[in-house]
file upload-v4.cif (mmCIF, C-alpha atoms)
data_final
loop_
_atom_site.group_PDB
_atom_site.id
_atom_site.type_symbol
_atom_site.label_atom_id
_atom_site.label_comp_id
_atom_site.auth_asym_id
_atom_site.auth_seq_id
_atom_site.Cartn_x
_atom_site.Cartn_y
_atom_site.Cartn_z
ATOM 1 C CA MET Q 1 35.035 123.401 249.159
ATOM 2 C CA PHE Q 2 33.907 126.986 249.725
ATOM 3 C CA LYS Q 3 32.280 128.650 246.740
ATOM 4 C CA LYS Q 4 32.228 132.318 247.732
ATOM 5 C CA VAL Q 5 35.078 133.875 249.699
ATOM 6 C CA LEU Q 6 35.882 137.428 250.792
ATOM 7 C CA ILE Q 7 39.472 138.487 251.504
ATOM 8 C CA ALA Q 8 40.214 141.532 253.671
ATOM 9 C CA GLU Q 9 43.923 142.324 253.369
ATOM 10 C CA ASP Q 10 45.526 145.740 252.889
ATOM 11 C CA HIS Q 11 48.843 144.532 251.438
ATOM 12 C CA GLU Q 12 48.507 143.840 247.729
ATOM 13 C CA ILE Q 13 51.193 141.151 247.524
ATOM 14 C CA ALA Q 14 49.659 139.202 250.407
ATOM 15 C CA ASN Q 15 46.234 139.641 248.815
ATOM 16 C CA ILE Q 16 47.426 138.205 245.494
ATOM 17 C CA SER Q 17 49.097 135.296 247.294
ATOM 18 C CA VAL Q 18 45.859 134.405 249.092
ATOM 19 C CA GLN Q 19 43.919 134.556 245.834
ATOM 20 C CA LYS Q 20 46.421 132.191 244.212
ATOM 21 C CA THR Q 21 46.060 129.743 247.103
ATOM 22 C CA LEU Q 22 42.277 129.805 246.725
ATOM 23 C CA GLN Q 23 42.524 129.174 242.994
ATOM 24 C CA GLU Q 24 44.756 126.160 243.613
ATOM 25 C CA LEU Q 25 41.965 124.699 245.730
ATOM 26 C CA GLY Q 26 39.420 125.320 242.974
ATOM 27 C CA ILE Q 27 37.771 128.343 244.611
ATOM 28 C CA GLN Q 28 36.944 130.674 241.737
ATOM 29 C CA THR Q 29 34.671 133.272 243.336
ATOM 30 C CA ALA Q 30 36.864 135.386 245.596
ATOM 31 C CA LYS Q 31 36.352 139.082 246.239
ATOM 32 C CA TYR Q 32 39.204 141.032 247.803
ATOM 33 C CA VAL Q 33 39.134 144.394 249.568
ATOM 34 C CA TYR Q 34 41.735 146.552 251.282
ATOM 35 C CA TYR Q 35 39.520 148.148 253.938
ATOM 36 C CA CYS Q 36 37.464 146.696 256.821
ATOM 37 C CA ASP Q 37 34.494 148.980 256.104
ATOM 38 C CA ASP Q 38 34.382 147.706 252.510
ATOM 39 C CA ALA Q 39 34.550 144.106 253.719
ATOM 40 C CA PHE Q 40 31.613 144.656 256.063
ATOM 41 C CA THR Q 41 29.599 146.313 253.277
ATOM 42 C CA TRP Q 42 30.197 143.391 250.927
ATOM 43 C CA VAL Q 43 29.168 140.865 253.577
ATOM 44 C CA LYS Q 44 26.065 142.874 254.445
ATOM 45 C CA ASN Q 45 24.997 143.342 250.822
ATOM 46 C CA ALA Q 46 25.583 139.685 249.956
ATOM 47 C CA GLN Q 47 23.516 138.634 252.958
ATOM 48 C CA ARG Q 48 20.747 141.046 251.942
ATOM 49 C CA ASP Q 49 20.717 139.708 248.376
ATOM 50 C CA GLY Q 50 20.403 136.106 249.526
ATOM 51 C CA GLU Q 51 23.862 135.193 248.215
ATOM 52 C CA PRO Q 52 25.975 135.260 251.392
ATOM 53 C CA TYR Q 53 29.687 134.619 251.555
ATOM 54 C CA ASP Q 54 30.804 131.220 252.820
ATOM 55 C CA LEU Q 55 34.081 132.438 254.263
ATOM 56 C CA LEU Q 56 35.933 135.581 255.314
ATOM 57 C CA ILE Q 57 39.744 135.616 255.382
ATOM 58 C CA THR Q 58 41.026 138.673 257.213
ATOM 59 C CA ASP Q 59 44.153 140.189 258.684
ATOM 60 C CA LEU Q 60 44.006 141.762 262.148
ATOM 61 C CA THR Q 61 46.052 144.884 261.470
ATOM 62 C CA PHE Q 62 45.251 147.418 258.757
ATOM 63 C CA GLU Q 63 47.410 150.474 258.164
ATOM 64 C CA GLU Q 64 45.729 153.853 258.414
ATOM 65 C CA ASP Q 65 45.749 156.122 255.364
ATOM 66 C CA HIS Q 66 43.754 158.990 253.858
ATOM 67 C CA ASN Q 67 40.570 156.890 253.904
ATOM 68 C CA PRO Q 68 39.140 156.991 257.487
ATOM 69 C CA GLN Q 69 37.492 153.756 258.613
ATOM 70 C CA ARG Q 70 34.628 153.116 261.030
ATOM 71 C CA LEU Q 71 35.952 149.599 261.643
ATOM 72 C CA SER Q 72 39.518 150.071 262.815
ATOM 73 C CA GLY Q 73 40.836 146.556 262.238
ATOM 74 C CA GLY Q 74 40.240 142.842 261.956
ATOM 75 C CA LEU Q 75 38.830 142.414 265.463
ATOM 76 C CA ALA Q 76 36.170 145.039 264.846
ATOM 77 C CA LEU Q 77 35.407 143.554 261.428
ATOM 78 C CA ILE Q 78 34.976 140.045 262.828
ATOM 79 C CA GLN Q 79 32.600 141.275 265.521
ATOM 80 C CA ALA Q 80 30.582 143.313 263.022
ATOM 81 C CA VAL Q 81 30.122 140.530 260.449
ATOM 82 C CA LYS Q 82 29.272 137.966 263.146
ATOM 83 C CA GLU Q 83 26.415 140.217 264.259
ATOM 84 C CA ILE Q 84 24.783 140.065 260.827
ATOM 85 C CA GLN Q 85 25.905 136.587 259.719
ATOM 86 C CA SER Q 86 26.712 134.504 262.778
ATOM 87 C CA GLN Q 87 27.462 131.337 260.804
ATOM 88 C CA LEU Q 88 30.032 132.946 258.515
ATOM 89 C CA LYS Q 89 33.288 130.988 258.600
ATOM 90 C CA ILE Q 90 36.308 133.131 259.471
ATOM 91 C CA ILE Q 91 40.009 132.449 259.045
ATOM 92 C CA VAL Q 92 42.494 134.990 260.384
ATOM 93 C CA LEU Q 93 45.766 135.383 258.477
ATOM 94 C CA SER Q 94 48.008 137.670 260.480
ATOM 95 C CA ALA Q 95 51.537 138.323 261.739
ATOM 96 C CA GLU Q 96 50.195 138.491 265.304
ATOM 97 C CA SER Q 97 51.948 135.845 267.411
ATOM 98 C CA ARG Q 98 50.788 136.563 270.977
ATOM 99 C CA THR Q 99 49.048 133.423 272.157
ATOM 100 C CA ALA Q 100 46.748 135.321 274.525
ATOM 101 C CA VAL Q 101 45.356 137.345 271.608
ATOM 102 C CA ILE Q 102 44.982 134.281 269.370
ATOM 103 C CA ASP Q 103 43.417 132.180 272.122
ATOM 104 C CA GLU Q 104 40.869 134.931 272.729
ATOM 105 C CA LEU Q 105 39.938 135.005 269.039
ATOM 106 C CA PHE Q 106 38.795 131.398 269.244
ATOM 107 C CA LYS Q 107 37.058 131.819 272.602
ATOM 108 C CA SER Q 108 35.209 135.115 272.202
ATOM 109 C CA ARG Q 109 35.177 135.775 268.445
ATOM 110 C CA ALA Q 110 34.428 132.183 267.399
ATOM 111 C CA ILE Q 111 36.876 132.160 264.503
ATOM 112 C CA ASP Q 112 37.434 128.908 262.624
ATOM 113 C CA GLY Q 113 41.124 129.120 261.885
ATOM 114 C CA TYR Q 114 44.292 131.073 262.553
ATOM 115 C CA VAL Q 115 47.312 131.109 260.251
ATOM 116 C CA ARG Q 116 50.343 133.168 261.157
ATOM 117 C CA LYS Q 117 52.079 135.020 258.324
ATOM 118 C CA ALA Q 118 55.392 133.224 258.219
ATOM 119 C CA ARG Q 119 57.199 130.458 256.389
ATOM 120 C CA ARG Q 120 54.875 127.939 254.721
ATOM 121 C CA ASP Q 121 51.816 130.084 255.426
ATOM 122 C CA ALA Q 122 50.364 129.255 251.977
ATOM 123 C CA GLN Q 123 50.429 125.559 252.855
ATOM 124 C CA TYR Q 124 48.916 126.218 256.268
ATOM 125 C CA LEU Q 125 46.216 128.388 254.719
ATOM 126 C CA LYS Q 126 45.233 125.469 252.486
ATOM 127 C CA GLU Q 127 45.046 123.250 255.557
ATOM 128 C CA ALA Q 128 42.963 125.862 257.379
ATOM 129 C CA LEU Q 129 40.539 126.126 254.455
ATOM 130 C CA GLN Q 130 40.090 122.365 254.301
ATOM 131 C CA ALA Q 131 39.616 122.131 258.073
ATOM 132 C CA ALA Q 132 37.076 124.976 258.181
ATOM 133 C CA HIS Q 133 35.130 123.422 255.319
ATOM 134 C CA GLN Q 134 34.872 120.256 257.432
ATOM 135 C CA ASP Q 135 33.683 122.270 260.462
ATOM 136 C CA LYS Q 136 36.998 121.815 262.264
ATOM 137 C CA LEU Q 137 39.076 124.456 264.024
ATOM 138 C CA TYR Q 138 42.599 125.079 262.763
ATOM 139 C CA GLN Q 139 45.760 126.651 264.152
ATOM 140 C CA SER Q 140 49.017 126.658 262.210
ATOM 141 C CA PRO Q 141 51.600 124.388 263.905
ATOM 142 C CA GLU Q 142 53.784 127.033 265.551
ATOM 143 C CA ILE Q 143 50.722 128.731 267.066
ATOM 144 C CA LYS Q 144 49.360 125.432 268.338
ATOM 145 C CA GLN Q 145 52.719 124.716 269.973
ATOM 146 C CA SER Q 146 52.840 128.153 271.599
ATOM 147 C CA ILE Q 147 49.342 127.751 273.023
ATOM 148 C CA ARG Q 148 50.221 124.264 274.260
ATOM 149 C CA GLU Q 149 53.283 125.658 276.038
ATOM 150 C CA LYS Q 150 51.195 128.434 277.539
ATOM 151 C CA ASN Q 151 48.589 126.026 278.857
ATOM 152 C CA SER Q 152 51.302 123.796 280.289
ATOM 153 C CA HIS Q 153 52.335 126.356 282.914
ATOM 154 C CA GLU Q 154 52.394 124.583 286.266
ATOM 155 C CA PHE Q 155 50.576 126.651 288.866
ATOM 156 C CA THR Q 156 51.947 126.258 292.387
ATOM 157 C CA THR Q 157 49.805 126.255 295.527
ATOM 158 C CA LEU Q 158 51.071 129.763 296.200
ATOM 159 C CA ASP Q 159 50.021 130.859 292.706
ATOM 160 C CA ILE Q 160 46.493 129.573 293.234
ATOM 161 C CA HIS Q 161 46.159 131.300 296.617
ATOM 162 C CA ILE Q 162 47.405 134.588 295.161
ATOM 163 C CA ILE Q 163 45.012 134.468 292.208
ATOM 164 C CA SER Q 164 42.104 133.435 294.454
ATOM 165 C CA LEU Q 165 42.704 136.379 296.765
ATOM 166 C CA LEU Q 166 42.870 138.779 293.807
ATOM 167 C CA ALA Q 167 39.608 137.319 292.505
ATOM 168 C CA LYS Q 168 37.992 138.072 295.857
ATOM 169 C CA GLY Q 169 38.936 141.716 295.493
ATOM 170 C CA ILE Q 170 41.937 141.686 297.838
ATOM 171 C CA LEU Q 171 44.468 144.331 296.845
ATOM 172 C CA GLN Q 172 47.874 143.059 295.787
ATOM 173 C CA LYS Q 173 49.621 144.950 298.593
ATOM 174 C CA ASP Q 174 47.339 143.284 301.172
ATOM 175 C CA ILE Q 175 47.859 139.710 299.956
ATOM 176 C CA PRO Q 176 50.923 139.032 302.198
ATOM 177 C CA GLN Q 177 48.802 139.609 305.310
ATOM 178 C CA HIS Q 178 46.205 137.074 304.149
ATOM 179 C CA LEU Q 179 48.895 134.530 303.260
ATOM 180 C CA GLN Q 180 50.437 134.926 306.713
ATOM 181 C CA GLN Q 181 47.063 134.339 308.353
ATOM 182 C CA GLN Q 182 46.793 131.055 306.428
ATOM 183 C CA GLN Q 183 50.421 130.190 307.279
ATOM 184 C CA ILE Q 184 51.364 130.062 303.587
ATOM 185 C CA LYS Q 185 55.000 130.699 302.723
ATOM 186 C CA PRO Q 186 56.662 132.582 301.193
ATOM 187 C CA SER Q 187 54.328 135.434 302.052
ATOM 188 C CA GLY Q 188 56.395 138.570 301.479
ATOM 189 C CA LEU Q 189 55.185 141.218 299.065
ATOM 190 C CA SER Q 190 58.252 140.743 296.853
ATOM 191 C CA SER Q 191 57.480 137.003 296.567
ATOM 192 C CA VAL Q 192 53.881 137.760 295.624
ATOM 193 C CA GLU Q 193 54.969 140.270 292.988
ATOM 194 C CA LYS Q 194 57.549 137.855 291.542
ATOM 195 C CA ARG Q 195 54.981 135.056 291.191
ATOM 196 C CA LEU Q 196 52.441 137.391 289.576
ATOM 197 C CA ASN Q 197 55.011 138.782 287.161
ATOM 198 C CA LEU Q 198 56.184 135.280 286.247
ATOM 199 C CA MET Q 199 52.655 134.018 285.576
ATOM 200 C CA LYS Q 200 51.770 137.047 283.458
ATOM 201 C CA GLU Q 201 55.012 136.809 281.515
ATOM 202 C CA VAL Q 202 54.597 133.097 280.753
ATOM 203 C CA LEU Q 203 50.930 133.468 279.882
ATOM 204 C CA GLU Q 204 51.536 136.723 277.990
ATOM 205 C CA PHE Q 205 49.137 138.795 280.065
ATOM 206 C CA SER Q 206 49.677 142.414 281.043
ATOM 207 C CA LYS Q 207 47.012 142.752 283.750
ATOM 208 C CA ASN Q 208 45.994 140.812 286.847
ATOM 209 C CA GLU Q 209 42.414 140.869 285.585
ATOM 210 C CA GLN Q 210 43.434 138.821 282.541
ATOM 211 C CA LEU Q 211 45.149 136.282 284.781
ATOM 212 C CA ILE Q 212 42.036 135.987 286.967
ATOM 213 C CA ALA Q 213 39.739 135.532 283.968
ATOM 214 C CA TYR Q 214 42.045 132.903 282.464
ATOM 215 C CA SER Q 215 42.235 131.020 285.770
ATOM 216 C CA LYS Q 216 38.461 130.920 285.958
ATOM 217 C CA ASP Q 217 38.189 129.726 282.344
ATOM 218 C CA ILE Q 218 40.440 126.725 282.973
ATOM 219 C CA GLY Q 219 38.795 125.926 286.323
ATOM 220 C CA LEU Q 220 41.831 126.809 288.435
ATOM 221 C CA ILE Q 221 39.752 128.915 290.836
#

call {"tool": "encode", "arguments": {"input": "upload-v4.cif", "output": "structure tokens"}}
result
Amino acid sequence: MFKKVLIAEDHEIANISVQKTLQELGIQTAKYVYYCDDAFTWVKNAQRDGEPYDLLITDLTFEEDHNPQRLSGGLALIQAVKEIQSQLKIIVLSAESRTAVIDELFKSRAIDGYVRKARRDAQYLKEALQAAHQDKLYQSPEIKQSIREKNSHEFTTLDIHIISLLAKGILQKDIPQHLQQQQIKPSGLSSVEKRLNLMKEVLEFSKNEQLIAYSKDIGLI
């Protein structure tokens, strides 16, 4: 099991709960901080001294107070520590439930586990710790189910044509004309907008650019 763990969590009760969970797994050396800048400093100093941390457990959201921070939250902290210690294991413990955000953490931030703050999160944190120690990725069950549902969206032929045209730089308002040229129906602007809105709602995206990038990632276009 991990020997040296750093906890970045600005709520004291949550911080104490995480420490207790670590102790139950036999992890005795655990440093906890309330600010992202402090967490980065501890990681940097430990790396410099040749005694690096094995694991960082961090929230994503940190409340602002009288102590201004250079690193504004968990995303910035993860990126910063990865730049100086790329192999550092990272588990995110957060109330964030948007699957698009969580999915991106695994893809672009290379985190090792995600546990949502909810019922049974102490149990799931234990499972995440054990999985990360075995070089396995971990998502708490409700997050895994949400991501599975997201990835199960069935793209229609019309959906694929619309996304492909957007990816080619065609403006949304001009897509009906291109669909008509290819004899694809329905081709009205309202139909195009409805399909785009549906896809973004199901996949929890707010921009067409996110939909295009996702479609490319899964090989749809």

call {"tool": "residues_around", "arguments": {"input": "upload-v4.cif", "residues": "Asp103 (chain Q)", "least_positions_apart": "3", "cutoff": "10 Å", "atoms": "all atoms listed in the file", "output": "NGL selection string"}}
result
:Q and (98-100 or 106-109 or 114 or 139 or 143-144 or 147)

call {"tool": "resolve_selection", "arguments": {"input": "upload-v4.cif", "expression": "the PyMOL selection byres ((chain Q and resi 9-11) around 8)", "output": "PDB file with C-alpha atoms, keeping the file's coordinate frame"}}
result
ATOM      1  CA  ILE Q   7      39.472 138.487 251.504  1.00  0.00           C
ATOM      2  CA  ALA Q   8      40.214 141.532 253.671  1.00  0.00           C
ATOM      3  CA  GLU Q  12      48.507 143.840 247.729  1.00  0.00           C
ATOM      4  CA  ILE Q  13      51.193 141.151 247.524  1.00  0.00           C
ATOM      5  CA  ALA Q  14      49.659 139.202 250.407  1.00  0.00           C
ATOM      6  CA  ASN Q  15      46.234 139.641 248.815  1.00  0.00           C
ATOM      7  CA  TYR Q  32      39.204 141.032 247.803  1.00  0.00           C
ATOM      8  CA  VAL Q  33      39.134 144.394 249.568  1.00  0.00           C
ATOM      9  CA  TYR Q  34      41.735 146.552 251.282  1.00  0.00           C
ATOM     10  CA  TYR Q  35      39.520 148.148 253.938  1.00  0.00           C
ATOM     11  CA  THR Q  58      41.026 138.673 257.213  1.00  0.00           C
ATOM     12  CA  ASP Q  59      44.153 140.189 258.684  1.00  0.00           C
ATOM     13  CA  PHE Q  62      45.251 147.418 258.757  1.00  0.00           C
ATOM     14  CA  GLU Q  63      47.410 150.474 258.164  1.00  0.00           C
TER      15      GLU Q  63
END

call {"tool": "closest_residue", "arguments": {"input": "upload-v4.cif", "among": "Q:Ile111, Q:Ile162, Q:Leu198, Q:Ala131", "to": "Ile78 (chain Q)", "atoms": "all atoms listed in the file"}}
result
Q:Ile111

call {"tool": "resolve_selection", "arguments": {"input": "upload-v4.cif", "expression": "the PyMOL selection byres ((chain Q and resi 46) around 12)", "output": "PyMOL selection string"}}
result
chain Q and resi 4-6+31+39-45+47-55+81+84-85+88

call {"tool": "closest_residue", "arguments": {"input": "upload-v4.cif", "among": "Q:Val18, Q:Ala213, Q:Leu75, Q:Ala110", "to": "Ala167 (chain Q)", "atoms": "only C-alpha atoms"}}
result
Q:Ala213

call {"tool": "residues_around", "arguments": {"input": "upload-v4.cif", "residues": "Gly219 (chain Q)", "least_positions_apart": "4", "cutoff": "12 Å", "atoms": "all atoms listed in the file", "output": "ChimeraX atom specification"}}
result
/Q:160,164,212-215

call {"tool": "atom_distance", "arguments": {"input": "upload-v4.cif", "atom1": "CA of Met1 (chain Q)", "atom2": "CA of Gln130 (chain Q)"}}
result
7.3 Å

call {"tool": "resolve_selection", "arguments": {"input": "upload-v4.cif", "expression": "the PyMOL selection byres ((chain Q and resi 129) around 9)", "output": "PyMOL selection string"}}
result
chain Q and resi 1-2+22+25+91+113+124-128+130-134+138

call {"tool": "write_last_selection", "arguments": {"input": "upload-v4.cif", "atoms": "C-alpha atoms", "output": "PDB file, in the coordinates of the input"}}
result
ATOM      1  CA  MET Q   1      35.035 123.401 249.159  1.00  0.00           C
ATOM      2  CA  PHE Q   2      33.907 126.986 249.725  1.00  0.00           C
ATOM      3  CA  LEU Q  22      42.277 129.805 246.725  1.00  0.00           C
ATOM      4  CA  LEU Q  25      41.965 124.699 245.730  1.00  0.00           C
ATOM      5  CA  ILE Q  91      40.009 132.449 259.045  1.00  0.00           C
ATOM      6  CA  GLY Q 113      41.124 129.120 261.885  1.00  0.00           C
ATOM      7  CA  TYR Q 124      48.916 126.218 256.268  1.00  0.00           C
ATOM      8  CA  LEU Q 125      46.216 128.388 254.719  1.00  0.00           C
ATOM      9  CA  LYS Q 126      45.233 125.469 252.486  1.00  0.00           C
ATOM     10  CA  GLU Q 127      45.046 123.250 255.557  1.00  0.00           C
ATOM     11  CA  ALA Q 128      42.963 125.862 257.379  1.00  0.00           C
ATOM     12  CA  GLN Q 130      40.090 122.365 254.301  1.00  0.00           C
ATOM     13  CA  ALA Q 131      39.616 122.131 258.073  1.00  0.00           C
ATOM     14  CA  ALA Q 132      37.076 124.976 258.181  1.00  0.00           C
ATOM     15  CA  HIS Q 133      35.130 123.422 255.319  1.00  0.00           C
ATOM     16  CA  GLN Q 134      34.872 120.256 257.432  1.00  0.00           C
ATOM     17  CA  TYR Q 138      42.599 125.079 262.763  1.00  0.00           C
TER      18      TYR Q 138
END

call {"tool": "atom_distance", "arguments": {"input": "upload-v4.cif", "atom1": "CA of Ile90 (chain Q)", "atom2": "CA of Leu105 (chain Q)"}}
result
10.4 Å

call {"tool": "axis_aligned_box", "arguments": {"input": "upload-v4.cif", "around": "region 2-13 of chain Q", "padding_each_side": "5 Å", "output": "JSON"}}
result
{"center_x": 41.7, "center_y": 136.4, "center_z": 250.2, "size_x": 29.0, "size_y": 28.8, "size_z": 16.9}

call {"tool": "atom_distance", "arguments": {"input": "upload-v4.cif", "atom1": "CA of Glu96 (chain Q)", "atom2": "CA of Asp38 (chain Q)"}}
result
22.3 Å

call {"tool": "residues_around", "arguments": {"input": "upload-v4.cif", "residues": "Leu71 (chain Q)", "least_positions_apart": "6", "cutoff": "8 Å", "atoms": "all atoms listed in the file", "output": "JSON, numbers by chain"}}
result
{"Q": [36, 37, 77]}

call {"tool": "closest_residue", "arguments": {"input": "upload-v4.cif", "among": "Q:Ile184, Q:Val115, Q:Leu166, Q:Val101", "to": "Glu204 (chain Q)", "atoms": "all atoms listed in the file"}}
result
Q:Val101

call {"tool": "residues_around", "arguments": {"input": "upload-v4.cif", "residues": "Leu165 (chain Q)", "least_positions_apart": "5", "cutoff": "10 Å", "atoms": "all atoms listed in the file", "output": "PyMOL selection string"}}
result
chain Q and resi 160+170-172+174-175+178-179+212+221

call {"tool": "closest_residue", "arguments": {"input": "upload-v4.cif", "among": "Q:Leu93, Q:Gln28, Q:Arg195, Q:Gln181", "to": "Ala122 (chain Q)", "atoms": "all atoms listed in the file"}}
result
Q:Leu93

call {"tool": "closest_residue", "arguments": {"input": "upload-v4.cif", "among": "Q:Asn67, Q:Thr156, Q:Ser94, Q:Asn208", "to": "Pro186 (chain Q)", "atoms": "all atoms listed in the file"}}
result
Q:Thr156
